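Heads up, work-v8.cif below (mmCIF, N, CA and C atoms):
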data_data
loop_
_atom_site.label_atom_id
_atom_site.label_comp_id
_atom_site.auth_asym_id
_atom_site.auth_seq_id
_atom_site.Cartn_x
_atom_site.Cartn_y
_atom_site.Cartn_z
N MET A 8 71.63 79.00 116.26
CA MET A 8 70.83 80.03 115.62
C MET A 8 70.36 79.51 114.27
N ASN A 9 69.11 79.72 113.95
CA ASN A 9 68.57 79.31 112.67
C ASN A 9 68.73 80.43 111.65
N SER A 10 69.30 80.10 110.52
CA SER A 10 69.51 81.08 109.47
C SER A 10 68.53 80.83 108.34
N THR A 11 68.23 81.87 107.60
CA THR A 11 67.35 81.73 106.45
C THR A 11 68.17 81.28 105.25
N ASP A 12 67.49 80.78 104.22
CA ASP A 12 68.18 80.38 103.00
C ASP A 12 68.98 81.55 102.42
N THR A 13 68.41 82.74 102.47
CA THR A 13 69.08 83.93 101.93
C THR A 13 70.35 84.22 102.70
N SER A 14 70.29 84.20 104.03
CA SER A 14 71.48 84.52 104.82
C SER A 14 72.55 83.42 104.67
N ILE A 15 72.12 82.18 104.49
CA ILE A 15 73.07 81.09 104.27
C ILE A 15 73.79 81.30 102.94
N ASN A 16 73.04 81.62 101.90
CA ASN A 16 73.65 81.87 100.59
C ASN A 16 74.56 83.09 100.62
N GLU A 17 74.16 84.13 101.34
CA GLU A 17 75.01 85.32 101.47
C GLU A 17 76.30 84.97 102.20
N SER A 18 76.21 84.16 103.24
CA SER A 18 77.40 83.74 103.98
C SER A 18 78.33 82.92 103.09
N LEU A 19 77.77 82.01 102.31
CA LEU A 19 78.58 81.21 101.39
C LEU A 19 79.25 82.09 100.33
N ASP A 20 78.53 83.09 99.82
CA ASP A 20 79.10 84.02 98.85
C ASP A 20 80.26 84.80 99.45
N LYS A 21 80.11 85.25 100.69
CA LYS A 21 81.18 86.01 101.36
C LYS A 21 82.41 85.12 101.57
N ILE A 22 82.18 83.88 101.95
CA ILE A 22 83.29 82.94 102.16
C ILE A 22 83.99 82.66 100.83
N ALA A 23 83.22 82.50 99.75
CA ALA A 23 83.83 82.28 98.43
C ALA A 23 84.70 83.47 98.04
N LYS A 24 84.23 84.68 98.34
CA LYS A 24 85.01 85.88 98.03
C LYS A 24 86.29 85.91 98.86
N MET A 25 86.19 85.55 100.14
CA MET A 25 87.39 85.50 100.99
C MET A 25 88.41 84.52 100.41
N MET A 26 87.92 83.38 99.94
CA MET A 26 88.80 82.38 99.35
C MET A 26 89.46 82.92 98.09
N ALA A 27 88.66 83.55 97.23
CA ALA A 27 89.20 84.11 95.99
C ALA A 27 90.23 85.20 96.28
N ASP A 28 89.97 86.01 97.30
CA ASP A 28 90.92 87.06 97.67
C ASP A 28 92.26 86.49 98.13
N LYS A 29 92.26 85.25 98.60
CA LYS A 29 93.49 84.58 99.02
C LYS A 29 94.17 83.88 97.84
N GLY A 30 93.58 84.01 96.65
CA GLY A 30 94.17 83.41 95.46
C GLY A 30 93.75 81.97 95.22
N ILE A 31 92.72 81.53 95.89
CA ILE A 31 92.24 80.16 95.73
C ILE A 31 91.40 80.08 94.46
N THR A 32 91.72 79.10 93.61
CA THR A 32 91.09 78.95 92.31
C THR A 32 89.76 78.22 92.41
N TYR A 33 88.73 78.81 91.82
CA TYR A 33 87.38 78.25 91.76
C TYR A 33 86.90 77.79 93.14
N PRO A 34 86.76 78.74 94.07
CA PRO A 34 86.31 78.39 95.42
C PRO A 34 84.84 77.98 95.44
N ARG A 35 84.55 76.91 96.19
CA ARG A 35 83.18 76.41 96.30
C ARG A 35 82.88 76.02 97.74
N PRO A 36 82.59 77.00 98.60
CA PRO A 36 82.20 76.63 99.96
C PRO A 36 80.82 75.98 99.94
N ASP A 37 80.60 75.12 100.92
CA ASP A 37 79.34 74.39 100.96
C ASP A 37 79.01 74.09 102.42
N ILE A 38 77.74 73.90 102.69
CA ILE A 38 77.32 73.54 104.05
C ILE A 38 76.23 72.46 103.95
N THR A 39 76.29 71.51 104.88
CA THR A 39 75.32 70.42 104.92
C THR A 39 74.68 70.42 106.31
N PHE A 40 73.38 70.24 106.33
CA PHE A 40 72.65 70.16 107.59
C PHE A 40 72.39 68.70 107.91
N LEU A 41 72.82 68.29 109.10
CA LEU A 41 72.72 66.89 109.50
C LEU A 41 71.56 66.69 110.47
N GLN A 42 71.12 65.47 110.56
CA GLN A 42 70.07 65.13 111.52
C GLN A 42 70.58 65.45 112.92
N GLY A 43 69.71 65.98 113.75
CA GLY A 43 70.09 66.35 115.11
C GLY A 43 70.53 67.80 115.23
N GLY A 44 70.44 68.55 114.13
CA GLY A 44 70.74 69.98 114.18
C GLY A 44 72.19 70.35 113.92
N ARG A 45 73.07 69.38 113.80
CA ARG A 45 74.47 69.71 113.54
C ARG A 45 74.68 70.07 112.07
N THR A 46 75.78 70.76 111.82
CA THR A 46 76.11 71.16 110.45
C THR A 46 77.54 70.74 110.13
N ARG A 47 77.77 70.60 108.85
CA ARG A 47 79.13 70.30 108.37
C ARG A 47 79.39 71.25 107.20
N GLY A 48 80.50 71.98 107.30
CA GLY A 48 80.87 72.92 106.24
C GLY A 48 82.08 72.40 105.49
N TYR A 49 82.19 72.79 104.23
CA TYR A 49 83.30 72.36 103.38
C TYR A 49 83.82 73.55 102.59
N LEU A 50 85.13 73.59 102.45
CA LEU A 50 85.77 74.52 101.53
C LEU A 50 86.35 73.67 100.41
N HIS A 51 85.76 73.76 99.22
CA HIS A 51 86.24 73.04 98.04
C HIS A 51 86.91 74.05 97.11
N ALA A 52 87.90 73.59 96.36
CA ALA A 52 88.54 74.47 95.36
C ALA A 52 89.34 73.62 94.39
N ASP A 53 89.67 74.22 93.24
CA ASP A 53 90.53 73.56 92.27
C ASP A 53 91.99 73.67 92.69
N SER A 54 92.33 74.72 93.43
CA SER A 54 93.70 74.87 93.93
C SER A 54 93.74 74.40 95.38
N LEU A 55 94.93 74.34 95.94
CA LEU A 55 95.08 73.87 97.31
C LEU A 55 94.62 74.92 98.31
N ILE A 56 94.01 74.45 99.38
CA ILE A 56 93.57 75.28 100.50
C ILE A 56 94.34 74.77 101.71
N GLY A 57 95.43 75.40 102.03
CA GLY A 57 96.24 74.92 103.14
C GLY A 57 96.73 73.50 102.92
N GLY A 58 97.01 73.14 101.68
CA GLY A 58 97.55 71.82 101.36
C GLY A 58 96.52 70.79 100.91
N GLU A 59 95.25 71.12 100.92
CA GLU A 59 94.18 70.19 100.53
C GLU A 59 93.26 70.86 99.50
N THR A 60 92.51 70.05 98.76
CA THR A 60 91.51 70.62 97.84
C THR A 60 90.13 70.67 98.49
N CYS A 61 90.00 70.07 99.67
CA CYS A 61 88.74 70.13 100.42
C CYS A 61 89.07 70.10 101.91
N VAL A 62 88.51 71.04 102.64
CA VAL A 62 88.71 71.11 104.09
C VAL A 62 87.32 71.10 104.73
N GLY A 63 87.14 70.27 105.77
CA GLY A 63 85.83 70.14 106.41
C GLY A 63 85.79 70.73 107.81
N PHE A 64 84.60 71.15 108.22
CA PHE A 64 84.36 71.76 109.52
C PHE A 64 83.05 71.23 110.08
N ASN A 65 82.97 71.09 111.40
CA ASN A 65 81.75 70.64 112.06
C ASN A 65 81.29 71.70 113.04
N GLY A 66 79.98 71.88 113.14
CA GLY A 66 79.45 72.86 114.08
C GLY A 66 78.08 72.45 114.60
N ASN A 67 77.69 73.11 115.67
CA ASN A 67 76.36 72.87 116.23
C ASN A 67 75.27 73.56 115.43
N ASP A 68 75.65 74.60 114.68
CA ASP A 68 74.71 75.30 113.80
C ASP A 68 75.49 75.95 112.67
N SER A 69 74.78 76.53 111.72
CA SER A 69 75.44 77.11 110.54
C SER A 69 76.35 78.28 110.90
N ASP A 70 75.94 79.11 111.86
CA ASP A 70 76.78 80.25 112.25
C ASP A 70 78.13 79.80 112.79
N GLU A 71 78.12 78.76 113.62
CA GLU A 71 79.37 78.23 114.17
C GLU A 71 80.26 77.67 113.06
N CYS A 72 79.64 76.97 112.13
CA CYS A 72 80.37 76.39 111.01
C CYS A 72 80.97 77.49 110.12
N PHE A 73 80.16 78.50 109.83
CA PHE A 73 80.65 79.62 109.00
C PHE A 73 81.81 80.33 109.68
N LYS A 74 81.73 80.50 110.99
CA LYS A 74 82.81 81.16 111.72
C LYS A 74 84.10 80.35 111.61
N GLN A 75 84.00 79.04 111.77
CA GLN A 75 85.18 78.19 111.64
C GLN A 75 85.79 78.30 110.24
N MET A 76 84.94 78.35 109.23
CA MET A 76 85.40 78.45 107.84
C MET A 76 86.12 79.79 107.63
N ARG A 77 85.50 80.89 108.10
CA ARG A 77 86.12 82.22 107.94
C ARG A 77 87.45 82.30 108.70
N ASP A 78 87.47 81.78 109.92
CA ASP A 78 88.70 81.80 110.73
C ASP A 78 89.82 81.04 110.03
N TYR A 79 89.49 79.91 109.44
CA TYR A 79 90.49 79.10 108.74
C TYR A 79 91.05 79.87 107.53
N ILE A 80 90.17 80.48 106.76
CA ILE A 80 90.60 81.23 105.57
C ILE A 80 91.51 82.38 105.96
N GLU A 81 91.18 83.05 107.06
CA GLU A 81 91.99 84.18 107.50
C GLU A 81 93.42 83.78 107.84
N THR A 82 93.64 82.51 108.24
CA THR A 82 94.99 82.07 108.58
C THR A 82 95.84 81.73 107.35
N LEU A 83 95.20 81.59 106.19
CA LEU A 83 95.93 81.23 104.98
C LEU A 83 96.75 82.41 104.46
N PRO A 84 97.91 82.13 103.87
CA PRO A 84 98.71 83.21 103.31
C PRO A 84 98.01 83.83 102.09
N SER A 85 98.26 85.11 101.90
CA SER A 85 97.70 85.79 100.73
C SER A 85 98.45 85.36 99.47
N SER A 86 97.93 85.71 98.31
CA SER A 86 98.60 85.42 97.05
C SER A 86 99.99 86.04 97.04
N GLU A 87 100.08 87.26 97.55
CA GLU A 87 101.37 87.97 97.63
C GLU A 87 102.36 87.22 98.50
N GLU A 88 101.91 86.76 99.67
CA GLU A 88 102.79 86.02 100.57
C GLU A 88 103.26 84.72 99.93
N LYS A 89 102.35 84.01 99.25
CA LYS A 89 102.72 82.76 98.58
C LYS A 89 103.77 83.02 97.52
N LEU A 90 103.57 84.08 96.73
CA LEU A 90 104.51 84.42 95.68
C LEU A 90 105.88 84.77 96.25
N SER A 91 105.91 85.53 97.34
CA SER A 91 107.17 85.90 97.98
C SER A 91 107.90 84.66 98.51
N HIS A 92 107.16 83.74 99.11
CA HIS A 92 107.77 82.52 99.62
C HIS A 92 108.29 81.64 98.47
N ASP A 93 107.53 81.56 97.39
CA ASP A 93 107.99 80.80 96.22
C ASP A 93 109.26 81.41 95.64
N TYR A 94 109.29 82.72 95.55
CA TYR A 94 110.46 83.43 95.02
C TYR A 94 111.68 83.15 95.90
N ALA A 95 111.51 83.26 97.22
CA ALA A 95 112.62 83.02 98.15
C ALA A 95 113.12 81.58 98.04
N SER A 96 112.21 80.64 97.88
CA SER A 96 112.58 79.23 97.75
C SER A 96 113.36 78.98 96.46
N LYS A 97 112.89 79.55 95.37
CA LYS A 97 113.58 79.37 94.09
C LYS A 97 114.95 80.04 94.10
N LEU A 98 115.04 81.19 94.73
CA LEU A 98 116.31 81.89 94.86
C LEU A 98 117.30 81.04 95.66
N ALA A 99 116.84 80.43 96.74
CA ALA A 99 117.69 79.55 97.55
C ALA A 99 118.16 78.35 96.72
N GLN A 100 117.30 77.82 95.87
CA GLN A 100 117.68 76.70 95.02
C GLN A 100 118.78 77.10 94.03
N VAL A 101 118.66 78.29 93.47
CA VAL A 101 119.67 78.78 92.54
C VAL A 101 121.01 78.95 93.26
N ILE A 102 120.98 79.50 94.46
CA ILE A 102 122.21 79.68 95.24
C ILE A 102 122.85 78.32 95.54
N ASP A 103 122.03 77.37 95.97
CA ASP A 103 122.56 76.02 96.24
C ASP A 103 123.15 75.40 94.99
N TRP A 104 122.47 75.54 93.87
CA TRP A 104 122.96 74.99 92.61
C TRP A 104 124.29 75.64 92.23
N ALA A 105 124.38 76.96 92.36
CA ALA A 105 125.61 77.67 92.00
C ALA A 105 126.78 77.20 92.88
N ARG A 106 126.52 77.02 94.15
CA ARG A 106 127.57 76.51 95.05
C ARG A 106 127.99 75.10 94.65
N ASP A 107 127.01 74.24 94.37
CA ASP A 107 127.31 72.86 93.98
C ASP A 107 128.13 72.81 92.69
N GLU A 108 127.89 73.76 91.80
CA GLU A 108 128.60 73.79 90.52
C GLU A 108 129.95 74.51 90.62
N GLY A 109 130.26 75.02 91.81
CA GLY A 109 131.56 75.67 92.01
C GLY A 109 131.65 77.08 91.43
N ILE A 110 130.53 77.71 91.27
CA ILE A 110 130.54 79.09 90.75
C ILE A 110 131.15 80.01 91.80
N ASP A 111 131.94 80.95 91.34
CA ASP A 111 132.68 81.85 92.22
C ASP A 111 131.74 82.59 93.18
N ASP A 112 132.17 82.68 94.45
CA ASP A 112 131.36 83.33 95.48
C ASP A 112 131.03 84.78 95.15
N ASP A 113 131.93 85.46 94.41
CA ASP A 113 131.65 86.86 94.04
C ASP A 113 130.42 86.97 93.15
N LEU A 114 130.16 85.94 92.38
CA LEU A 114 128.96 85.93 91.52
C LEU A 114 127.70 85.53 92.29
N ILE A 115 127.88 84.74 93.34
CA ILE A 115 126.75 84.28 94.14
C ILE A 115 126.34 85.31 95.19
N LYS A 116 127.28 86.11 95.64
CA LYS A 116 127.04 87.04 96.74
C LYS A 116 125.83 87.97 96.52
N PRO A 117 125.65 88.56 95.33
CA PRO A 117 124.45 89.41 95.15
C PRO A 117 123.13 88.64 95.34
N LEU A 118 123.13 87.37 94.94
CA LEU A 118 121.93 86.55 95.14
C LEU A 118 121.69 86.30 96.62
N MET A 119 122.77 86.05 97.36
CA MET A 119 122.65 85.81 98.80
C MET A 119 122.18 87.07 99.52
N THR A 120 122.67 88.23 99.09
CA THR A 120 122.24 89.50 99.68
C THR A 120 120.74 89.71 99.43
N THR A 121 120.31 89.42 98.22
CA THR A 121 118.88 89.54 97.88
C THR A 121 118.04 88.59 98.72
N ARG A 122 118.50 87.35 98.85
CA ARG A 122 117.77 86.36 99.64
C ARG A 122 117.66 86.79 101.10
N GLU A 123 118.75 87.30 101.66
CA GLU A 123 118.74 87.75 103.06
C GLU A 123 117.77 88.91 103.26
N ALA A 124 117.77 89.87 102.32
CA ALA A 124 116.86 91.01 102.42
C ALA A 124 115.41 90.55 102.29
N LEU A 125 115.15 89.63 101.38
CA LEU A 125 113.80 89.11 101.18
C LEU A 125 113.33 88.38 102.44
N THR A 126 114.19 87.55 103.00
CA THR A 126 113.85 86.82 104.22
C THR A 126 113.55 87.79 105.35
N LYS A 127 114.38 88.80 105.49
CA LYS A 127 114.18 89.80 106.55
C LYS A 127 112.84 90.52 106.36
N ASN A 128 112.55 90.91 105.13
CA ASN A 128 111.28 91.59 104.84
C ASN A 128 110.08 90.68 105.11
N LEU A 129 110.19 89.40 104.76
CA LEU A 129 109.10 88.46 105.02
C LEU A 129 108.87 88.30 106.52
N LEU A 130 109.95 88.23 107.29
CA LEU A 130 109.81 88.09 108.75
C LEU A 130 109.21 89.34 109.36
N ILE A 131 109.64 90.52 108.90
CA ILE A 131 109.08 91.77 109.42
C ILE A 131 107.61 91.87 109.06
N TYR A 132 107.27 91.54 107.81
CA TYR A 132 105.87 91.60 107.37
C TYR A 132 105.02 90.65 108.20
N LYS A 133 105.54 89.44 108.46
CA LYS A 133 104.79 88.42 109.21
C LYS A 133 104.51 88.89 110.64
N THR A 134 105.50 89.53 111.28
CA THR A 134 105.30 89.96 112.67
C THR A 134 104.38 91.20 112.76
N GLU A 135 104.32 91.97 111.67
CA GLU A 135 103.44 93.16 111.67
C GLU A 135 102.00 92.79 111.38
N SER A 136 101.74 91.65 110.75
CA SER A 136 100.37 91.26 110.40
C SER A 136 99.64 90.70 111.58
#

Now that the file is in, can you turn its structure into structure tokens?
Amino acid sequence: MNSTDTSINESLDKIAKMMADKGITYPRPDITFLQGGRTRGYLHADSLIGGETCVGFNGNDSDECFKQMRDYIETLPSSEEKLSHDYASKLAQVIDWARDEGIDDDLIKPLMTTREALTKNLLIYKTES
């Protein structure tokens, strides 16, 4: 399908907003038209996008490329999910450190209870999404 310059720019703006909503810093989606009618789309950002600062997509036309870009963004964790995972990871590190230092289990137990509840909530949230 052939898109107009306006619809291409609107699609890029919507993709940039999707990226920003996921907490991606300075999102810069881009699309390139190649000889033979194929397209190549890129998600650029200052922060990581699924572990990279640039992710590429190939399509037969701009609509196919935009769909691939949107689908990829939808699979990324939200800012909230990232924060919850970071919190759970740091909490686990504190528990491990306390055990390594020989801190009494009675002092560690509230942290372990919190970690277990957080893990359970993350798993429930993940299955409901």

(request) Extract the full set of helix (DSSP H, G or I) residues from chain A according to DSSP on the backbone, and format it as a VMD selection string. (result) chain A and resid 12 to 28 69 to 82 86 to 107 112 to 135

(message) Need to verify the contact set: stretch 115-131 of chain A, 10 Å, only C-alpha atoms, exclusion of same-chain residues closer than 3 positions in sequence. Can you return it as a ChimeraX atom specification?
(response) /A:88,91-92,94-99,101-103,105-106,110-112,134-136

(message) Please compute the atom CA of A:Ser54-atom CA of A:Thr32 distance, one decimal, in Å.
(response) 5.1 Å

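Between atom N of A:His51 and atom C of A:Asp37 the separation is 7.5 Å.
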
(request) Give as JSON, numbers by chain the residues that the PyMOL selection byres ((chain A and resi 59-74) around 8) matches when applied to the coordinates above. (result) {"A": [8, 9, 10, 15, 18, 19, 38, 39, 40, 43, 44, 45, 46, 47, 48, 49, 50, 51, 52, 53, 54, 55, 56, 57, 58, 75, 76, 77, 78, 79, 80]}

(request) Enumerate the residues of stretch 22-103 of chain A with a DSSP assignment of strand (DSSP E), computed from the backbone, and present them as a ChimeraX atom specification. (result) /A:35-40,46-56,59-66

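For the choices A:Asp93, A:Asn16, A:Ser85, A:Trp104, the atom-to-atom distance to A:Asp28 is smallest for A:Ser85 when using only N, CA and C atoms.
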
(request) Go ahead and compute the interatomic distance for atom CA of A:Glu87 and atom CA of A:Gln100, in Å to one decimal. (result)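 One can read the atom CA of A:Glu87 to atom CA of A:Gln100 distance as 20.0 Å.
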